[in-house]
Protein chains: 2
Amino acid sequence: MNEGFALDPRLAADTASVAELPLSRLLLMDDARFPWLILVPRRPGLVELADLDRAAQHALLDEVQRAGAALRAAAPCDKLNVGALGNVVRQLHVHVVARRAGDAAWPGPVWGAGRAERYAADAREALLARLRALLG
Amino acid sequence: MNEGFALDPRLAADTASVAELPLSRLLLMDDARFPWLILVPRRPGLVELADLDRAAQHALLDEVQRAGAALRAAAPCDKLNVGALGNVVRQLHVHVVARRAGDAAWPGPVWGAGRAERYAADAREALLARLRALLG
C-alpha cells in the first residue's frame with residue numbers, strides 16, 4: 001500500500017519526522033512560532049480527502065486525534081487548528097496546530113502568516129522526544 | 001441530543017442555512033468570492049473535534065465528505081480546503097471551501113483574507129437550491 005509513496009520535497013524540507021503511524025507519516029513543522037504537526041498518509045497519488053476510501057478517512061481522523069492529543073500534552077494551547085488545504089503542496093496532508101491566544105498569527109490562520117522561525121536543534125530534539133513518548 | 005444547541009450568532013449572521021444533516025447544520029457562507037460551506041454539529045458546548053466521541057467524529061467527517069462532493073458538483077474547483085479552526089468563533093464548526101487557482105485568496109487560506117462580498121439574493125438562492133438538490 002505504501003509502494004510508490006514519496007514525501008513531497010517541500011514538506012520534507014520544512015519538517016522533521018516524528019513517527020510512523022499506521023496510515024500516516026507524522027511530521028513536526030520546523031517553525032518554533034507554532035507547535036505544529038502534519039500527517040501525510042503513506043499512499044501515492046493522494047490529493048483530496050476523498051481520494052481515501054471511507055475506512056481510511058476514518059483512520060486518518062483517528063490519527064489526527066491521536067496526534068492532536070500528544071501535541072496538546074506537549075504544548076498546552078487555547079485551540080487546536082486542524083486543516084487540509086493543499087493549495088501549495090498538493091500531496092494530501094493534514095495540519096494540526098496548537099494555537100495560543102496572542103501567538104504570532106492569532107487569531108488568523110498560520111498558513112501564509114509571516115516567515116517560519118526554525119527551532120534551535122536541541123529544542124527541536126527535545127520536542128520530538130516528548131511527542132514520541134506521548135504517542136507511546 | 002440537540003437540546004440546548006444554538007448556532008453562534010456570528011455564524012448565523014454570516015451564513016444561510018442549506019440543510020440539516022443527521023449530525024450537523026449545513027450552512028453556506030454568504031461570501032460570493034468563495035463557494036464555502038460550514039458544518040456545525042448540533043450539540044451544545046462543543047469546541048474541539050475531541051469533544052465529540054469517535055463515532056460522532058467519523059459521522060462528522062462523512063458529512064464533510066458529503067458536503068464537499070455537493071459543493072464540488074455545484075462549483076467546480078481546483079482544490080477543496082477543509083478546516084476546523086475556531087480561533088474567533090469557538091463553537092465547533094468545519095469549513096469546506098471550493099478553491100480555484102487565482103481566486104481572491106489563492107494560494108493562501110480564505111480565513112482572514114479580505115472582506116466578504118455578499119451574494120446577490122437571487123444568486124444565493126440559486127446556489128442553495130442547487131446544493132439542496134445535490135445533497136438529495
# chains A, B, ... in the order shown; residues from 1 in each chain; ligands from 1

$ residues_around --residues "Ala120 of chain B" --least-positions-apart "5" --cutoff "10 Å" --atoms "only C-alpha atoms" --output "PyMOL selection string"
chain B and resi 30-32+125

$ residues_around --residues "segment 41-58 of chain A" --least-positions-apart "4" --cutoff "9 Å" --atoms "only C-alpha atoms" --output "VMD selection string"
(chain A and resid 1 to 7 21 to 26 62 to 63 84 to 86 90 to 94) or (chain B and resid 57 to 58 61 to 62 65 68 to 69 79 to 82)

$ calpha_fit_and_write --fixed "chain B" --moving "chain A" --output "PDB file with C-alpha atoms, in the first residue's frame"
ATOM      1  CA  MET A   1     -29.018  15.319  21.782  1.00  0.00           C
ATOM      2  CA  ASN A   2     -29.730  18.651  20.090  1.00  0.00           C
ATOM      3  CA  GLU A   3     -31.289  20.113  23.212  1.00  0.00           C
ATOM      4  CA  GLY A   4     -29.520  23.299  24.207  1.00  0.00           C
ATOM      5  CA  PHE A   5     -27.884  23.741  20.813  1.00  0.00           C
ATOM      6  CA  ALA A   6     -27.886  27.293  19.501  1.00  0.00           C
ATOM      7  CA  LEU A   7     -25.950  28.460  16.472  1.00  0.00           C
ATOM      8  CA  ASP A   8     -23.273  31.019  17.294  1.00  0.00           C
ATOM      9  CA  PRO A   9     -24.675  34.438  16.347  1.00  0.00           C
ATOM     10  CA  ARG A  10     -21.629  35.341  14.226  1.00  0.00           C
ATOM     11  CA  LEU A  11     -22.052  32.164  12.184  1.00  0.00           C
ATOM     12  CA  ALA A  12     -25.759  32.892  11.895  1.00  0.00           C
ATOM     13  CA  ALA A  13     -25.079  36.439  10.681  1.00  0.00           C
ATOM     14  CA  ASP A  14     -22.568  35.375   8.011  1.00  0.00           C
ATOM     15  CA  THR A  15     -24.361  32.361   6.533  1.00  0.00           C
ATOM     16  CA  ALA A  16     -27.555  30.990   5.016  1.00  0.00           C
ATOM     17  CA  SER A  17     -28.909  27.599   6.011  1.00  0.00           C
ATOM     18  CA  VAL A  18     -28.560  24.858   3.401  1.00  0.00           C
ATOM     19  CA  ALA A  19     -29.837  21.735   5.131  1.00  0.00           C
ATOM     20  CA  GLU A  20     -29.981  19.751   8.334  1.00  0.00           C
ATOM     21  CA  LEU A  21     -27.743  16.690   8.052  1.00  0.00           C
ATOM     22  CA  PRO A  22     -28.090  13.921  10.648  1.00  0.00           C
ATOM     23  CA  LEU A  23     -25.396  15.395  12.896  1.00  0.00           C
ATOM     24  CA  SER A  24     -24.753  18.879  11.566  1.00  0.00           C
ATOM     25  CA  ARG A  25     -26.422  22.008  10.389  1.00  0.00           C
ATOM     26  CA  LEU A  26     -25.041  22.785   6.947  1.00  0.00           C
ATOM     27  CA  LEU A  27     -24.518  26.463   6.177  1.00  0.00           C
ATOM     28  CA  LEU A  28     -23.445  28.447   3.123  1.00  0.00           C
ATOM     29  CA  MET A  29     -21.059  31.292   3.863  1.00  0.00           C
ATOM     30  CA  ASP A  30     -22.502  34.442   2.354  1.00  0.00           C
ATOM     31  CA  ASP A  31     -19.335  35.355   0.496  1.00  0.00           C
ATOM     32  CA  ALA A  32     -19.535  35.198  -3.277  1.00  0.00           C
ATOM     33  CA  ARG A  33     -15.731  35.167  -3.573  1.00  0.00           C
ATOM     34  CA  PHE A  34     -15.533  31.534  -2.464  1.00  0.00           C
ATOM     35  CA  PRO A  35     -18.095  28.704  -2.634  1.00  0.00           C
ATOM     36  CA  TRP A  36     -17.892  27.869   1.057  1.00  0.00           C
ATOM     37  CA  LEU A  37     -19.860  25.546   3.316  1.00  0.00           C
ATOM     38  CA  ILE A  38     -19.739  25.236   7.094  1.00  0.00           C
ATOM     39  CA  LEU A  39     -20.887  22.255   9.129  1.00  0.00           C
ATOM     40  CA  VAL A  40     -21.909  22.778  12.754  1.00  0.00           C
ATOM     41  CA  PRO A  41     -22.693  19.666  14.800  1.00  0.00           C
ATOM     42  CA  ARG A  42     -25.978  20.318  16.607  1.00  0.00           C
ATOM     43  CA  ARG A  43     -24.778  19.563  20.105  1.00  0.00           C
ATOM     44  CA  PRO A  44     -24.250  22.165  22.785  1.00  0.00           C
ATOM     45  CA  GLY A  45     -20.869  23.061  24.207  1.00  0.00           C
ATOM     46  CA  LEU A  46     -18.595  21.623  21.515  1.00  0.00           C
ATOM     47  CA  VAL A  47     -15.281  23.383  20.893  1.00  0.00           C
ATOM     48  CA  GLU A  48     -12.705  20.814  19.771  1.00  0.00           C
ATOM     49  CA  LEU A  49     -13.199  17.813  17.477  1.00  0.00           C
ATOM     50  CA  ALA A  50     -12.142  15.787  20.509  1.00  0.00           C
ATOM     51  CA  ASP A  51     -15.321  16.933  22.275  1.00  0.00           C
ATOM     52  CA  LEU A  52     -17.185  14.517  20.002  1.00  0.00           C
ATOM     53  CA  ASP A  53     -16.852  10.797  20.659  1.00  0.00           C
ATOM     54  CA  ARG A  54     -15.131   8.753  17.993  1.00  0.00           C
ATOM     55  CA  ALA A  55     -18.305   7.606  16.272  1.00  0.00           C
ATOM     56  CA  ALA A  56     -19.554  11.175  16.027  1.00  0.00           C
ATOM     57  CA  GLN A  57     -16.168  12.345  14.731  1.00  0.00           C
ATOM     58  CA  HIS A  58     -16.455   9.775  11.959  1.00  0.00           C
ATOM     59  CA  ALA A  59     -20.057  10.817  11.268  1.00  0.00           C
ATOM     60  CA  LEU A  60     -18.939  14.433  11.030  1.00  0.00           C
ATOM     61  CA  LEU A  61     -16.208  13.504   8.564  1.00  0.00           C
ATOM     62  CA  ASP A  62     -18.769  11.581   6.497  1.00  0.00           C
ATOM     63  CA  GLU A  63     -20.914  14.717   6.413  1.00  0.00           C
ATOM     64  CA  VAL A  64     -17.887  16.817   5.447  1.00  0.00           C
ATOM     65  CA  GLN A  65     -17.322  14.467   2.525  1.00  0.00           C
ATOM     66  CA  ARG A  66     -20.982  14.587   1.532  1.00  0.00           C
ATOM     67  CA  ALA A  67     -20.966  18.379   1.679  1.00  0.00           C
ATOM     68  CA  GLY A  68     -17.684  18.548  -0.202  1.00  0.00           C
ATOM     69  CA  ALA A  69     -18.993  16.366  -3.025  1.00  0.00           C
ATOM     70  CA  ALA A  70     -22.090  18.539  -3.403  1.00  0.00           C
ATOM     71  CA  LEU A  71     -20.047  21.719  -3.267  1.00  0.00           C
ATOM     72  CA  ARG A  72     -17.641  20.430  -5.876  1.00  0.00           C
ATOM     73  CA  ALA A  73     -20.512  19.463  -8.165  1.00  0.00           C
ATOM     74  CA  ALA A  74     -22.137  22.888  -7.751  1.00  0.00           C
ATOM     75  CA  ALA A  75     -18.897  24.829  -8.026  1.00  0.00           C
ATOM     76  CA  PRO A  76     -16.079  23.064  -9.882  1.00  0.00           C
ATOM     77  CA  CYS A  77     -12.767  23.821  -8.245  1.00  0.00           C
ATOM     78  CA  ASP A  78      -9.082  23.006  -8.197  1.00  0.00           C
ATOM     79  CA  LYS A  79      -8.891  22.055  -4.524  1.00  0.00           C
ATOM     80  CA  LEU A  80     -11.161  21.648  -1.556  1.00  0.00           C
ATOM     81  CA  ASN A  81      -9.916  23.248   1.647  1.00  0.00           C
ATOM     82  CA  VAL A  82     -11.206  21.639   4.832  1.00  0.00           C
ATOM     83  CA  GLY A  83     -10.527  23.209   8.197  1.00  0.00           C
ATOM     84  CA  ALA A  84     -11.642  23.367  11.801  1.00  0.00           C
ATOM     85  CA  LEU A  85     -10.039  26.433  13.355  1.00  0.00           C
ATOM     86  CA  GLY A  86     -12.248  28.114  15.959  1.00  0.00           C
ATOM     87  CA  ASN A  87      -9.873  30.887  16.984  1.00  0.00           C
ATOM     88  CA  VAL A  88     -12.590  33.504  16.547  1.00  0.00           C
ATOM     89  CA  VAL A  89     -15.860  31.561  16.839  1.00  0.00           C
ATOM     90  CA  ARG A  90     -15.276  28.844  19.401  1.00  0.00           C
ATOM     91  CA  GLN A  91     -18.375  26.780  18.622  1.00  0.00           C
ATOM     92  CA  LEU A  92     -17.113  23.693  16.774  1.00  0.00           C
ATOM     93  CA  HIS A  93     -17.552  24.153  13.037  1.00  0.00           C
ATOM     94  CA  VAL A  94     -15.850  22.742   9.962  1.00  0.00           C
ATOM     95  CA  HIS A  95     -15.208  24.747   6.818  1.00  0.00           C
ATOM     96  CA  VAL A  96     -15.331  23.200   3.349  1.00  0.00           C
ATOM     97  CA  VAL A  97     -14.211  25.686   0.726  1.00  0.00           C
ATOM     98  CA  ALA A  98     -14.025  25.249  -3.047  1.00  0.00           C
ATOM     99  CA  ARG A  99     -10.791  26.908  -4.130  1.00  0.00           C
ATOM    100  CA  ARG A 100      -9.894  27.946  -7.638  1.00  0.00           C
ATOM    101  CA  ALA A 101      -6.416  28.882  -8.778  1.00  0.00           C
ATOM    102  CA  GLY A 102      -6.432  32.664  -8.927  1.00  0.00           C
ATOM    103  CA  ASP A 103      -9.361  33.209  -6.578  1.00  0.00           C
ATOM    104  CA  ALA A 104      -9.291  36.203  -4.227  1.00  0.00           C
ATOM    105  CA  ALA A 105      -7.064  34.503  -1.651  1.00  0.00           C
ATOM    106  CA  TRP A 106      -5.200  31.903  -3.754  1.00  0.00           C
ATOM    107  CA  PRO A 107      -3.005  30.146  -2.746  1.00  0.00           C
ATOM    108  CA  GLY A 108      -3.430  31.432   0.792  1.00  0.00           C
ATOM    109  CA  PRO A 109      -6.228  30.426   3.141  1.00  0.00           C
ATOM    110  CA  VAL A 110      -9.635  32.126   2.974  1.00  0.00           C
ATOM    111  CA  TRP A 111      -9.811  32.779   6.693  1.00  0.00           C
ATOM    112  CA  GLY A 112      -8.999  36.388   7.440  1.00  0.00           C
ATOM    113  CA  ALA A 113      -8.481  37.187   3.743  1.00  0.00           C
ATOM    114  CA  GLY A 114     -10.043  40.508   2.807  1.00  0.00           C
ATOM    115  CA  ARG A 115     -13.718  41.288   3.215  1.00  0.00           C
ATOM    116  CA  ALA A 116     -16.686  39.118   2.382  1.00  0.00           C
ATOM    117  CA  GLU A 117     -18.704  40.077  -0.686  1.00  0.00           C
ATOM    118  CA  ARG A 118     -22.297  39.069  -0.157  1.00  0.00           C
ATOM    119  CA  TYR A 119     -24.159  37.181  -2.859  1.00  0.00           C
ATOM    120  CA  ALA A 120     -26.918  38.870  -4.774  1.00  0.00           C
ATOM    121  CA  ALA A 121     -30.103  37.372  -3.324  1.00  0.00           C
ATOM    122  CA  ASP A 122     -31.070  35.521  -6.501  1.00  0.00           C
ATOM    123  CA  ALA A 123     -27.598  34.066  -6.946  1.00  0.00           C
ATOM    124  CA  ARG A 124     -27.584  32.888  -3.332  1.00  0.00           C
ATOM    125  CA  GLU A 125     -30.989  31.262  -3.672  1.00  0.00           C
ATOM    126  CA  ALA A 126     -29.944  29.544  -6.903  1.00  0.00           C
ATOM    127  CA  LEU A 127     -26.816  28.124  -5.258  1.00  0.00           C
ATOM    128  CA  LEU A 128     -28.755  26.997  -2.199  1.00  0.00           C
ATOM    129  CA  ALA A 129     -31.295  25.227  -4.401  1.00  0.00           C
ATOM    130  CA  ARG A 130     -28.547  23.536  -6.401  1.00  0.00           C
ATOM    131  CA  LEU A 131     -26.779  22.378  -3.250  1.00  0.00           C
ATOM    132  CA  ARG A 132     -30.006  21.023  -1.742  1.00  0.00           C
ATOM    133  CA  ALA A 133     -30.741  19.103  -4.947  1.00  0.00           C
ATOM    134  CA  LEU A 134     -27.217  17.654  -4.982  1.00  0.00           C
ATOM    135  CA  LEU A 135     -27.481  16.618  -1.334  1.00  0.00           C
ATOM    136  CA  GLY A 136     -30.591  14.644  -2.199  1.00  0.00           C
TER     137      GLY A 136
END

$ select_by_dssp --residues "chain A" --states "strand (DSSP E)" --output "ChimeraX atom specification"
/A:15-20,24-29,36-41,79-84,94-99

$ write_last_selection --atoms "N, CA and C atoms" --output "mmCIF file, in the first residue's frame"
data_model
loop_
_atom_site.group_PDB
_atom_site.id
_atom_site.type_symbol
_atom_site.label_atom_id
_atom_site.label_comp_id
_atom_site.auth_asym_id
_atom_site.auth_seq_id
_atom_site.Cartn_x
_atom_site.Cartn_y
_atom_site.Cartn_z
ATOM 1 N N THR A 15 10.139 20.126 7.610
ATOM 2 C CA THR A 15 9.682 19.343 8.760
ATOM 3 C C THR A 15 10.767 18.403 9.261
ATOM 4 N N ALA A 16 10.514 17.850 10.440
ATOM 5 C CA ALA A 16 11.309 16.740 10.986
ATOM 6 C C ALA A 16 10.343 15.579 11.223
ATOM 7 N N SER A 17 10.807 14.377 11.069
ATOM 8 C CA SER A 17 9.938 13.220 11.224
ATOM 9 C C SER A 17 9.737 12.904 12.695
ATOM 10 N N VAL A 18 8.492 12.705 13.087
ATOM 11 C CA VAL A 18 8.169 12.360 14.475
ATOM 12 C C VAL A 18 8.006 10.853 14.610
ATOM 13 N N ALA A 19 7.172 10.272 13.780
ATOM 14 C CA ALA A 19 6.833 8.854 13.928
ATOM 15 C C ALA A 19 6.124 8.371 12.670
ATOM 16 N N GLU A 20 6.092 7.051 12.528
ATOM 17 C CA GLU A 20 5.244 6.437 11.510
ATOM 18 C C GLU A 20 4.011 5.887 12.219
ATOM 19 N N SER A 24 -0.217 7.068 8.444
ATOM 20 C CA SER A 24 0.424 8.340 8.092
ATOM 21 C C SER A 24 1.838 8.450 8.619
ATOM 22 N N ARG A 25 2.612 9.224 7.929
ATOM 23 C CA ARG A 25 3.872 9.727 8.464
ATOM 24 C C ARG A 25 3.554 11.002 9.244
ATOM 25 N N LEU A 26 4.043 11.053 10.475
ATOM 26 C CA LEU A 26 3.776 12.211 11.325
ATOM 27 C C LEU A 26 5.019 13.088 11.361
ATOM 28 N N LEU A 27 4.825 14.355 11.022
ATOM 29 C CA LEU A 27 5.923 15.308 10.886
ATOM 30 C C LEU A 27 5.731 16.478 11.846
ATOM 31 N N LEU A 28 6.834 17.047 12.280
ATOM 32 C CA LEU A 28 6.809 18.297 13.054
ATOM 33 C C LEU A 28 7.270 19.421 12.140
ATOM 34 N N MET A 29 6.442 20.440 11.995
ATOM 35 C CA MET A 29 6.849 21.607 11.216
ATOM 36 C C MET A 29 7.967 22.320 11.959
ATOM 37 N N TRP A 36 3.307 22.434 15.772
ATOM 38 C CA TRP A 36 2.570 22.209 14.523
ATOM 39 C C TRP A 36 2.962 20.856 13.967
ATOM 40 N N LEU A 37 1.993 19.967 13.885
ATOM 41 C CA LEU A 37 2.213 18.633 13.317
ATOM 42 C C LEU A 37 1.533 18.527 11.958
ATOM 43 N N ILE A 38 2.055 17.648 11.134
ATOM 44 C CA ILE A 38 1.472 17.366 9.821
ATOM 45 C C ILE A 38 1.416 15.855 9.640
ATOM 46 N N LEU A 39 0.269 15.373 9.219
ATOM 47 C CA LEU A 39 0.099 13.951 8.926
ATOM 48 C C LEU A 39 0.002 13.758 7.418
ATOM 49 N N VAL A 40 0.778 12.830 6.898
ATOM 50 C CA VAL A 40 0.772 12.541 5.459
ATOM 51 C C VAL A 40 0.493 11.058 5.269
ATOM 52 N N PRO A 41 -0.689 10.706 4.795
ATOM 53 C CA PRO A 41 -0.957 9.275 4.551
ATOM 54 C C PRO A 41 0.052 8.724 3.535
ATOM 55 N N LYS A 79 -6.426 26.444 21.542
ATOM 56 C CA LYS A 79 -7.276 25.883 20.483
ATOM 57 C C LYS A 79 -6.396 25.082 19.541
ATOM 58 N N LEU A 80 -6.870 23.926 19.159
ATOM 59 C CA LEU A 80 -6.221 23.205 18.066
ATOM 60 C C LEU A 80 -6.833 23.667 16.751
ATOM 61 N N ASN A 81 -5.982 23.899 15.775
ATOM 62 C CA ASN A 81 -6.457 24.164 14.407
ATOM 63 C C ASN A 81 -6.129 22.935 13.562
ATOM 64 N N VAL A 82 -7.128 22.423 12.887
ATOM 65 C CA VAL A 82 -6.949 21.248 12.029
ATOM 66 C C VAL A 82 -7.337 21.658 10.617
ATOM 67 N N GLY A 83 -6.471 21.363 9.658
ATOM 68 C CA GLY A 83 -6.805 21.763 8.292
ATOM 69 C C GLY A 83 -6.135 20.910 7.249
ATOM 70 N N ALA A 84 -6.857 20.685 6.166
ATOM 71 C CA ALA A 84 -6.303 20.048 4.966
ATOM 72 C C ALA A 84 -6.539 21.030 3.838
ATOM 73 N N VAL A 94 -2.491 16.745 6.422
ATOM 74 C CA VAL A 94 -3.395 17.378 7.394
ATOM 75 C C VAL A 94 -2.554 18.062 8.462
ATOM 76 N N HIS A 95 -2.844 19.331 8.674
ATOM 77 C CA HIS A 95 -2.166 20.122 9.690
ATOM 78 C C HIS A 95 -2.899 20.019 11.025
ATOM 79 N N VAL A 96 -2.138 19.932 12.100
ATOM 80 C CA VAL A 96 -2.692 20.025 13.453
ATOM 81 C C VAL A 96 -1.797 21.022 14.191
ATOM 82 N N VAL A 97 -2.363 22.154 14.538
ATOM 83 C CA VAL A 97 -1.557 23.258 15.056
ATOM 84 C C VAL A 97 -2.085 23.667 16.426
ATOM 85 N N ALA A 98 -1.174 23.774 17.384
ATOM 86 C CA ALA A 98 -1.539 24.217 18.736
ATOM 87 C C ALA A 98 -1.473 25.734 18.773
ATOM 88 N N ARG A 99 -2.631 26.367 18.916
ATOM 89 C CA ARG A 99 -2.697 27.826 18.878
ATOM 90 C C ARG A 99 -2.869 28.403 20.280
#

$ select_by_dssp --residues "segment 25-68 of chain A" --states "alpha helix (DSSP H)" --output "ChimeraX atom specification"
/A:54-68
